[in-house]
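S.K.: final.csv is the file, holding CSV, C-alpha atoms:
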```csv
chain,number,residue,atom,x,y,z
A,1109,MET,CA,43.0,171.8,133.3
A,1110,MET,CA,40.1,174.2,132.7
A,1111,SER,CA,39.6,172.7,129.3
A,1112,THR,CA,38.5,169.5,131.2
A,1113,GLY,CA,35.3,171.1,132.3
A,1114,LEU,CA,36.3,171.5,136.0
A,1115,ALA,CA,35.3,174.4,138.1
A,1116,GLN,CA,37.9,177.2,137.9
A,1117,ASP,CA,39.1,177.0,141.5
A,1118,ILE,CA,39.5,173.2,141.4
A,1119,ALA,CA,41.2,173.3,138.0
A,1120,GLU,CA,43.6,176.0,139.3
A,1121,ASP,CA,44.3,174.1,142.4
A,1122,ILE,CA,45.2,171.0,140.4
A,1123,ALA,CA,47.3,173.0,137.9
A,1124,GLN,CA,49.1,174.7,140.8
A,1125,GLU,CA,50.0,171.4,142.5
A,1126,ALA,CA,51.0,169.8,139.2
A,1127,MET,CA,53.3,172.8,138.3
A,1128,THR,CA,54.8,172.8,141.8
A,1129,ASN,CA,55.6,169.1,141.3
A,1130,VAL,CA,57.1,169.8,137.9
A,1131,TRP,CA,59.3,172.4,139.5
A,1132,ARG,CA,60.4,170.1,142.4
A,1133,ARG,CA,61.0,167.1,140.3
A,1134,ALA,CA,62.7,168.7,137.3
A,1135,SER,CA,66.0,166.9,138.1
A,1136,GLN,CA,64.1,163.5,137.7
A,1137,TYR,CA,63.1,164.3,134.1
A,1138,ASP,CA,65.0,162.0,131.7
A,1139,ALA,CA,64.8,163.4,128.1
A,1140,ASN,CA,65.9,160.0,126.8
A,1141,ARG,CA,62.7,158.3,128.1
A,1142,ALA,CA,59.9,160.7,127.3
A,1143,ALA,CA,59.1,164.1,125.8
A,1144,ALA,CA,58.7,166.9,128.3
A,1145,SER,CA,55.0,167.2,127.5
A,1146,THR,CA,54.5,163.5,128.3
A,1147,TRP,CA,56.3,163.8,131.6
A,1148,ILE,CA,54.3,166.9,132.6
A,1149,PHE,CA,51.1,165.0,131.5
A,1150,THR,CA,51.9,162.1,133.9
A,1151,ILE,CA,52.5,164.5,136.8
A,1152,ALA,CA,49.2,166.3,136.1
A,1153,ARG,CA,47.4,163.0,135.7
A,1154,ASN,CA,48.7,161.8,139.1
A,1155,VAL,CA,47.6,165.0,140.8
A,1156,ARG,CA,44.1,164.8,139.2
A,1157,THR,CA,43.7,161.2,140.3
A,1158,ASP,CA,44.7,162.1,143.9
A,1159,ARG,CA,42.3,165.0,144.0
A,1160,LEU,CA,39.3,163.8,142.0
A,1161,ARG,CA,39.4,160.0,142.4
A,1162,LYS,CA,40.7,160.2,145.9
A,1163,HIS,CA,43.4,157.6,145.5
A,1164,ARG,CA,47.0,157.6,144.4
A,1165,PHE,CA,47.6,156.7,140.7
A,1166,ILE,CA,48.8,153.1,140.8
A,1167,GLU,CA,52.1,153.3,138.8
A,1168,VAL,CA,53.9,150.3,137.4
A,1169,PRO,CA,57.1,150.4,139.4
A,1170,ASP,CA,60.2,150.9,137.3
A,1171,ASP,CA,62.5,149.0,139.6
A,1172,GLN,CA,60.4,145.9,139.3
A,1173,VAL,CA,61.3,145.7,135.6
A,1174,PRO,CA,64.4,143.7,134.8
A,1175,PRO,CA,67.0,145.9,133.1
A,1176,GLU,CA,67.0,143.8,129.9
A,1177,GLN,CA,63.3,144.6,129.5
A,1178,GLN,CA,63.6,148.3,130.0
A,1179,THR,CA,63.4,150.4,126.9
A,1180,ASP,CA,66.0,153.2,126.6
A,1181,ALA,CA,65.8,155.3,123.5
A,1182,SER,CA,67.8,158.5,122.7
A,1183,ASN,CA,66.2,161.9,123.0
A,1184,LEU,CA,66.2,162.1,119.2
A,1185,GLU,CA,64.2,158.9,118.9
A,1186,VAL,CA,61.8,160.0,121.6
A,1187,MET,CA,61.2,163.3,119.9
A,1188,THR,CA,60.8,161.7,116.5
A,1189,GLU,CA,58.2,159.3,117.9
A,1190,TYR,CA,56.5,162.2,119.6
A,1191,ASP,CA,56.4,164.5,116.5
A,1192,GLN,CA,55.0,161.6,114.4
A,1193,MET,CA,52.3,160.9,116.9
A,1194,GLN,CA,51.4,164.6,117.0
A,1195,GLN,CA,51.1,164.6,113.2
A,1196,ARG,CA,49.0,161.5,113.1
A,1197,MET,CA,46.8,162.9,115.8
A,1198,LYS,CA,45.9,165.8,113.4
A,1199,GLU,CA,44.9,163.3,110.8
A,1200,LEU,CA,42.7,161.2,113.1
A,1201,PRO,CA,38.9,161.2,112.3
A,1202,ASP,CA,36.8,163.4,114.7
A,1203,GLY,CA,34.9,160.3,115.7
A,1204,GLN,CA,38.1,158.9,117.2
A,1205,SER,CA,39.9,162.0,118.4
A,1206,SER,CA,36.8,163.2,120.4
A,1207,LEU,CA,36.8,159.9,122.3
A,1208,LEU,CA,40.5,160.4,123.2
A,1209,GLU,CA,39.7,163.9,124.4
A,1210,MET,CA,37.0,162.6,126.7
A,1211,ALA,CA,39.3,160.0,128.2
A,1212,TYR,CA,42.4,162.2,128.5
A,1213,LEU,CA,41.2,165.7,129.1
A,1214,GLU,CA,37.8,165.1,130.8
A,1215,GLY,CA,38.8,161.9,132.7
A,1216,HIS,CA,35.8,159.8,131.5
A,1217,SER,CA,35.7,156.0,131.8
A,1218,HIS,CA,34.5,153.7,129.0
A,1219,GLY,CA,31.0,153.7,130.5
A,1220,GLU,CA,30.8,157.5,130.9
A,1221,ILE,CA,32.0,158.0,127.3
A,1222,SER,CA,29.4,155.5,126.1
A,1223,GLN,CA,26.7,157.4,128.0
A,1224,LYS,CA,27.9,160.8,126.8
A,1225,THR,CA,28.1,159.9,123.1
A,1226,GLY,CA,25.2,157.4,123.0
A,1227,LEU,CA,27.6,154.9,121.4
A,1228,PRO,CA,27.4,151.3,122.6
A,1229,LEU,CA,30.3,150.4,124.9
A,1230,GLY,CA,31.7,147.9,122.3
A,1231,THR,CA,31.9,150.7,119.7
A,1232,VAL,CA,33.7,153.0,122.1
A,1233,LYS,CA,36.3,150.4,122.8
A,1234,THR,CA,36.7,149.5,119.1
A,1235,ARG,CA,37.1,153.1,118.1
A,1236,ILE,CA,39.7,153.7,120.8
A,1237,ARG,CA,41.6,150.6,119.7
A,1238,LEU,CA,41.5,151.9,116.1
A,1239,ALA,CA,42.7,155.3,117.2
A,1240,MET,CA,45.7,153.8,119.0
A,1241,LYS,CA,46.4,151.6,116.0
A,1242,ASN,CA,46.4,154.6,113.7
A,1243,LEU,CA,48.6,156.6,116.1
A,1244,ARG,CA,51.1,153.8,116.6
A,1245,ALA,CA,51.5,153.3,112.9
A,1246,ALA,CA,53.2,156.6,113.1
A,1247,TRP,CA,56.5,155.0,113.8
A,1248,THR,CA,56.0,151.3,113.2
A,1249,LYS,CA,55.6,152.0,109.5
A,1250,SER,CA,58.5,154.5,109.3
B,435,MET,CA,59.9,134.6,139.7
B,436,ASP,CA,60.8,132.6,136.6
B,437,LYS,CA,60.0,134.1,133.2
B,438,ILE,CA,56.4,133.8,132.4
B,439,MET,CA,54.7,133.4,129.1
B,440,ILE,CA,51.7,135.7,128.8
B,441,ASN,CA,49.0,135.0,126.3
B,442,HIS,CA,46.0,137.1,127.4
B,443,HIS,CA,46.2,140.9,127.9
B,444,PRO,CA,43.9,143.8,128.9
B,445,HIS,CA,42.0,145.4,126.0
B,446,VAL,CA,44.0,148.3,124.3
B,447,SER,CA,41.3,150.7,125.4
B,448,THR,CA,41.7,149.6,129.1
B,449,LEU,CA,45.5,150.2,128.9
B,450,MET,CA,44.8,153.6,127.3
B,451,LEU,CA,42.2,154.6,130.0
B,452,TYR,CA,44.7,153.4,132.7
B,453,ALA,CA,47.4,155.7,131.2
B,454,ALA,CA,44.9,158.5,130.9
B,455,GLY,CA,44.1,158.2,134.6
B,456,SER,CA,40.4,157.5,133.7
B,457,LEU,CA,40.2,154.0,135.0
B,458,SER,CA,38.7,153.2,138.4
B,459,GLU,CA,41.1,152.3,141.2
B,460,ARG,CA,40.2,148.6,141.1
B,461,PHE,CA,40.7,148.2,137.4
B,462,SER,CA,43.9,150.3,137.6
B,463,LEU,CA,45.2,147.9,140.2
B,464,VAL,CA,44.6,144.8,138.0
B,465,THR,CA,46.1,146.6,134.9
B,466,ALA,CA,49.2,147.8,136.8
B,467,ALA,CA,49.7,144.3,138.4
B,468,HIS,CA,49.5,142.7,134.9
B,469,ALA,CA,51.8,145.3,133.3
B,470,GLU,CA,54.4,144.7,136.0
B,471,TRP,CA,54.8,141.2,134.5
B,472,CYS,CA,54.2,142.1,130.9
B,473,PRO,CA,56.7,144.1,128.8
B,474,GLN,CA,54.3,144.4,125.9
B,475,CYS,CA,51.6,146.1,127.9
B,476,ARG,CA,54.2,148.4,129.6
B,477,GLN,CA,55.2,149.5,126.1
B,478,GLN,CA,51.6,150.2,125.2
B,479,ILE,CA,51.1,152.2,128.4
B,480,ARG,CA,54.2,154.2,127.6
B,481,GLU,CA,52.7,155.0,124.1
B,482,ALA,CA,49.4,155.9,125.7
B,483,GLU,CA,51.2,158.3,128.1
B,484,GLN,CA,53.0,159.8,125.1
B,485,LEU,CA,49.5,160.4,123.7
B,486,GLY,CA,48.7,162.2,126.9
B,487,GLY,CA,51.5,164.6,126.2
B,488,VAL,CA,50.3,165.1,122.7
B,489,MET,CA,46.8,165.8,124.0
B,490,LEU,CA,48.2,168.3,126.5
B,491,ASP,CA,50.0,170.1,123.7
B,492,ARG,CA,46.8,170.4,121.7
B,493,VAL,CA,44.9,172.2,124.5
B,494,THR,CA,44.6,175.9,124.0
B,495,PRO,CA,46.2,177.5,127.0
B,496,MET,CA,43.8,179.3,129.3
B,497,ALA,CA,45.0,182.1,131.7
B,498,MET,CA,44.9,181.4,135.4
B,499,SER,CA,43.2,183.9,137.6
B,500,GLY,CA,45.6,186.6,139.0
B,501,SER,CA,45.6,185.0,142.5
B,502,GLY,CA,45.9,181.5,141.1
B,503,PHE,CA,49.0,182.5,139.1
B,504,GLU,CA,50.6,184.3,142.1
B,505,THR,CA,49.9,181.4,144.4
B,506,CYS,CA,51.5,179.1,141.9
B,507,LEU,CA,54.6,181.3,141.5
B,508,SER,CA,55.1,181.9,145.2
B,509,ALA,CA,54.7,178.2,145.9
B,510,ALA,CA,57.3,177.4,143.3
B,511,MET,CA,59.7,180.0,144.6
B,512,ASN,CA,59.5,178.7,148.2
B,513,ILE,CA,60.2,175.0,147.5
B,514,GLU,CA,63.4,173.1,147.4
B,515,PRO,CA,63.8,171.0,144.3
B,516,GLU,CA,63.8,167.3,144.9
B,517,SER,CA,66.9,165.4,144.0
B,518,ALA,CA,66.6,162.4,141.8
B,519,PRO,CA,65.7,159.3,143.8
B,520,ARG,CA,68.4,156.7,144.2
B,521,PRO,CA,68.0,153.7,142.0
B,522,SER,CA,66.4,150.9,143.9
B,523,THR,CA,68.7,148.1,145.0
B,524,GLY,CA,65.9,145.8,145.9
B,525,PRO,CA,64.9,142.6,144.1
B,526,LEU,CA,63.8,143.0,140.5
B,527,THR,CA,60.9,140.6,140.7
B,528,THR,CA,58.6,139.4,143.4
B,529,GLU,CA,56.4,136.3,143.6
B,530,ILE,CA,53.4,138.5,143.2
B,531,PRO,CA,53.2,142.0,141.6
B,532,SER,CA,54.5,144.6,144.1
B,533,VAL,CA,51.5,146.9,143.5
B,534,LEU,CA,49.4,144.1,145.0
B,535,ALA,CA,51.9,143.0,147.6
B,536,THR,CA,52.0,146.5,149.1
B,537,ARG,CA,48.2,146.2,149.7
B,538,LEU,CA,48.5,143.0,151.6
B,539,ASP,CA,50.0,142.9,155.0
B,540,ARG,CA,51.0,139.2,154.9
B,541,ASP,CA,51.7,136.4,152.5
B,542,LEU,CA,49.0,134.9,150.4
B,543,ASP,CA,49.2,131.6,152.3
B,544,VAL,CA,48.3,133.3,155.6
B,545,LEU,CA,45.7,135.8,154.4
B,546,PRO,CA,42.4,135.6,156.4
B,547,TRP,CA,40.6,134.0,153.5
B,548,LYS,CA,36.8,133.6,153.8
B,549,ARG,CA,35.3,130.4,152.5
B,550,LEU,CA,32.6,131.1,150.0
B,551,VAL,CA,31.5,127.5,149.1
B,552,GLN,CA,33.3,124.2,149.0
B,553,GLY,CA,36.8,124.7,147.5
B,554,ILE,CA,36.4,128.5,146.8
B,555,TRP,CA,37.8,131.2,149.1
B,556,HIS,CA,38.0,134.9,148.8
B,557,TYR,CA,39.7,138.0,150.3
B,558,ALA,CA,38.3,141.5,149.8
B,559,LEU,CA,40.5,144.4,149.0
B,560,HIS,CA,39.4,148.0,149.6
B,561,THR,CA,39.5,150.9,147.2
B,562,THR,CA,38.1,154.4,147.1
B,563,ASP,CA,35.8,153.6,144.1
B,564,ASP,CA,32.4,154.9,145.0
B,565,ASP,CA,30.1,152.6,143.2
B,566,GLU,CA,28.6,150.0,145.5
B,567,SER,CA,27.9,147.3,143.0
B,568,GLY,CA,31.6,146.7,142.1
B,569,TRP,CA,34.4,144.9,144.1
B,570,ILE,CA,38.0,143.7,143.9
B,571,ARG,CA,39.0,140.5,145.6
B,572,LEU,CA,41.6,137.8,145.6
B,573,TRP,CA,40.0,134.5,144.9
B,574,ARG,CA,41.5,131.1,145.7
B,575,PHE,CA,40.1,128.1,144.0
B,576,GLU,CA,41.2,124.6,145.0
B,577,PRO,CA,42.2,122.2,142.2
B,578,THR,CA,39.4,121.0,140.0
B,579,SER,CA,36.9,123.5,141.5
B,580,ARG,CA,34.6,125.2,139.0
B,581,LEU,CA,32.5,128.4,139.0
B,582,PRO,CA,29.0,127.7,137.7
B,583,HIS,CA,28.2,129.2,134.3
B,584,HIS,CA,27.6,133.0,134.6
B,585,ARG,CA,27.3,136.1,132.5
B,586,HIS,CA,28.9,139.5,133.1
B,587,GLN,CA,26.7,142.6,133.3
B,588,ASN,CA,29.6,144.9,132.9
B,589,GLN,CA,33.4,144.9,132.7
B,590,GLU,CA,35.3,142.3,134.7
B,591,MET,CA,39.1,142.0,134.8
B,592,SER,CA,41.0,139.0,136.3
B,593,LEU,CA,44.7,138.3,136.6
B,594,VAL,CA,46.0,134.9,137.5
B,595,ILE,CA,48.6,135.1,140.4
B,596,GLN,CA,49.1,131.4,140.9
B,597,GLY,CA,48.0,128.2,139.2
B,598,GLY,CA,45.6,128.4,136.2
B,599,TYR,CA,42.2,127.8,134.8
B,600,ARG,CA,40.4,127.0,131.6
B,601,ASP,CA,37.2,128.4,130.2
B,602,GLN,CA,35.4,129.1,126.9
B,603,LEU,CA,38.0,131.7,126.1
B,604,GLY,CA,41.1,129.5,126.5
B,605,HIS,CA,43.7,128.6,129.1
B,606,PHE,CA,44.8,131.3,131.6
B,607,ALA,CA,48.1,130.8,133.5
B,608,VAL,CA,50.1,133.1,135.8
B,609,GLY,CA,50.3,136.6,134.4
B,610,ASP,CA,47.3,136.2,132.0
B,611,CYS,CA,44.6,138.8,132.2
B,612,ALA,CA,41.0,138.3,131.1
B,613,ASP,CA,39.3,141.6,130.3
B,614,LEU,CA,35.6,140.7,129.9
B,615,ASP,CA,32.7,142.8,128.9
B,616,ALA,CA,29.0,142.9,129.5
B,617,GLY,CA,27.4,139.9,127.9
B,618,ASP,CA,30.5,137.7,128.1
B,619,ALA,CA,29.7,134.3,129.6
B,620,HIS,CA,31.9,131.5,130.9
B,621,SER,CA,32.4,128.7,133.5
B,622,PRO,CA,36.0,128.7,134.6
B,623,GLN,CA,37.5,125.4,135.8
B,624,VAL,CA,40.8,125.2,137.6
B,625,ASP,CA,43.3,123.0,135.7
B,626,SER,CA,46.4,123.4,137.8
B,627,ASP,CA,47.7,120.9,140.4
B,628,ASP,CA,47.9,123.7,143.0
B,629,ASP,CA,45.3,126.2,144.1
B,630,CYS,CA,44.5,128.8,141.5
B,631,ILE,CA,44.7,132.4,142.9
B,632,ALA,CA,43.3,135.3,140.9
B,633,LEU,CA,42.9,139.0,141.4
B,634,ILE,CA,39.4,139.8,140.1
B,635,ALA,CA,37.7,143.2,139.8
B,636,THR,CA,34.2,144.0,138.5
B,637,ASN,CA,31.9,147.0,138.5
B,638,ALA,CA,28.6,145.0,138.4
B,639,PRO,CA,27.4,141.8,140.1
B,640,ILE,CA,27.8,138.7,138.0
B,641,LYS,CA,24.7,136.8,136.9
B,642,PHE,CA,24.6,133.1,137.3
B,643,GLU,CA,22.6,131.0,134.9
B,644,GLN,CA,20.9,128.8,137.5
B,645,TRP,CA,18.3,130.5,139.8
B,646,HIS,CA,19.7,128.9,143.0
B,647,HIS,CA,23.2,130.2,142.2
B,648,ARG,CA,21.8,133.6,141.6
B,649,ILE,CA,20.1,133.7,145.0
B,650,ALA,CA,23.3,132.4,146.7
B,651,ALA,CA,25.4,135.0,144.8
B,652,HIS,CA,23.1,137.8,145.9
B,653,TRP,CA,23.4,136.8,149.5
B,654,LEU,CA,27.2,136.4,149.2
B,655,GLY,CA,27.5,139.8,147.6
B,656,ILE,CA,29.2,138.8,144.3
```
Would you write the structure of this file as structure tokens?

M.R.:
Amino acid sequence: MMSTGLAQDIAEDIAQEAMTNVWRRASQYDANRAAASTWIFTIARNVRTDRLRKHRFIEVPDDQVPPEQQTDASNLEVMTEYDQMQQRMKELPDGQSSLLEMAYLEGHSHGEISQKTGLPLGTVKTRIRLAMKNLRAAWTKS
Amino acid sequence: MDKIMINHHPHVSTLMLYAAGSLSERFSLVTAAHAEWCPQCRQQIREAEQLGGVMLDRVTPMAMSGSGFETCLSAAMNIEPESAPRPSTGPLTTEIPSVLATRLDRDLDVLPWKRLVQGIWHYALHTTDDDESGWIRLWRFEPTSRLPHHRHQNQEMSLVIQGGYRDQLGHFAVGDCADLDAGDAHSPQVDSDDDCIALIATNAPIKFEQWHHRIAAHWLGI
């Protein structure tokens, strides 16, 4: 959380609440649906939204999705996807990975990323789309 | 609701910012409402959340201050673990996305709609977003009504909840999401037999082509 540029006390406060939630909800973690890091990320994201954006993260409710549309992979598949994405991430050009860091770690919106980098908004969106395409190719090609 | 065919989706970067937790509340609401109806976008959100896990793994760990760590540990030691929630036995689908339904205290038919002009009604939703120039509203357009030609000065997202419309970008039916950028211009015309209802969010006022529409829009706060 401190890597996000937040003041130490706020970052620690968010990290503490996130870790407390991880502890409390450990039994809800399903290894067949997501890697542990992904699950922890979503918990930390929700706490950060609560604290900094002052609203609850609006989740797409699981139980509204008909069972035939729910994806259910095995833990092996989940971890293979995760490892491949991690590998692809290392190969991503700096111009793309830096934008992802601003979005994920620093919590910046499109407009803020555009202001920070001096890139036109359209370029920011195109580069993000390109990054996602590169990362997703990790398993669609394999 | 019956199965719906969706042809228009939010931009990939919008889905990614939503998953990253970096989208404003109003755009998050439109994105989540669309995703509730759209398996393809749910899958992309799942992938973007996985990327969040990868990003988290890449961060070099930093030590917490001594007191921060102790507070964290003692908090963890003093709490009871939550048991897994029971699977919901409620209905799997709703007529409108549940993330939207929970924000309305009554059915769409009996919302206290405000009349904007002949054939066009709206209902404001409240969010904690702190910029004053943006808004999120439900809009209700009577059949054959048309919004005058206008240009967007920033992002606008709209999701069709009922009925449909046509504009320069194509036909938009229930579940379709238009994710427009600054500079995009259009003049949507309702083409359904019933009223068209859309959830629309923007972070900047829209700019009408005709001066008299611009003056009216300024007064009406759109």

S.K.: Taking 2 positions as the minimum chain separation for residues in the same chain, which residues sit within 12 Å of region 1200-1207 of chain A when counting all atoms listed in the file? Answer as a ChimeraX atom specification.

M.R.: /A:1193-1198,1209-1227,1229,1231-1246 /B:447,450-451,454,485,488-489,492

S.K.: Point out the residue among B:Val533, B:Ala635, B:Val608, B:Val594 with the least atom-to-atom distance to chain A, counting all atoms listed in the file.

M.R.: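 Of B:Val533, B:Ala635, B:Val608, B:Val594, the one nearest chain A is B:Val533, counting all atoms listed in the file.
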
S.K.: Residues within 7 Å of region 599-607 of chain B, please, as a compact mmCIF listing (two decimals) with C-alpha atoms, in the frame of the given file. Count only C-alpha atoms; anything in the same chain fewer than 2 positions from it doesn't count.

M.R.:
```
# COMPACT_ATOMS: atom_id res chain seq x y z
CA VAL B 594 46.00 134.90 137.50
CA GLY B 597 48.00 128.20 139.20
CA GLY B 609 50.30 136.60 134.40
CA ASP B 610 47.30 136.20 132.00
CA HIS B 620 31.90 131.50 130.90
CA SER B 621 32.40 128.70 133.50
CA PRO B 622 36.00 128.70 134.60
CA GLN B 623 37.50 125.40 135.80
CA VAL B 624 40.80 125.20 137.60
CA ASP B 625 43.30 123.00 135.70
CA SER B 626 46.40 123.40 137.80
```

S.K.: Do you have the CA of Leu534 (chain B)-CA of Arg1164 (chain A) distance handy?

M.R.: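 About the pair CA of Leu534 (chain B) and CA of Arg1164 (chain A): they are 13.7 Å apart.
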
S.K.: Rank nothing, just name the residue among B:Glu576, B:Asp563, B:Glu529, B:Asp629 nearest to chain A, using all atoms listed in the file.

M.R.: B:Asp563

S.K.: Between A:Phe1165, A:Leu1160, A:Glu1120, A:Asp1191, single out the one closest to Thr1146 (chain A), counting all atoms listed in the file.

M.R.: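 Among the listed residues, A:Asp1191 lies closest to Thr1146 (chain A).
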
S.K.: For Cys472 (chain B), find every residue with an atom within 10 Å (counting only C-alpha atoms), except residues of its own chain fewer than 5 positions away, and show them as a PyMOL selection string.

M.R.: (chain A and resi 1173+1177) or (chain B and resi 438-441+443+466-467+477+609-610)

S.K.: Rank B:Asp564, B:Leu593, B:Ala616, B:Arg460 by their smallest atom-to-atom distance to Arg537 (chain B), using only C-alpha atoms, and report the top residue only.

M.R.: B:Arg460

S.K.: Closest to Leu542 (chain B) among B:Glu566, B:Val464, B:Gly617, B:Cys630, using all atoms listed in the file?

M.R.: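 Of all the options, B:Cys630 lies closest to Leu542 (chain B).
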
S.K.: Restricting the calculation to only C-alpha atoms, which member of A:Ile1118, A:Val1168, A:Met1187, A:Leu1208 is positioned closest to Ala1139 (chain A)?

M.R.: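 The shortest atom-to-atom distance to Ala1139 (chain A) comes from A:Met1187.
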
S.K.: Could you please determine the separation between CA of Val1130 (chain A) and CA of Val1155 (chain A) in Å, to one decimal place?

M.R.: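 About the pair CA of Val1130 (chain A) and CA of Val1155 (chain A): they are 11.0 Å apart.
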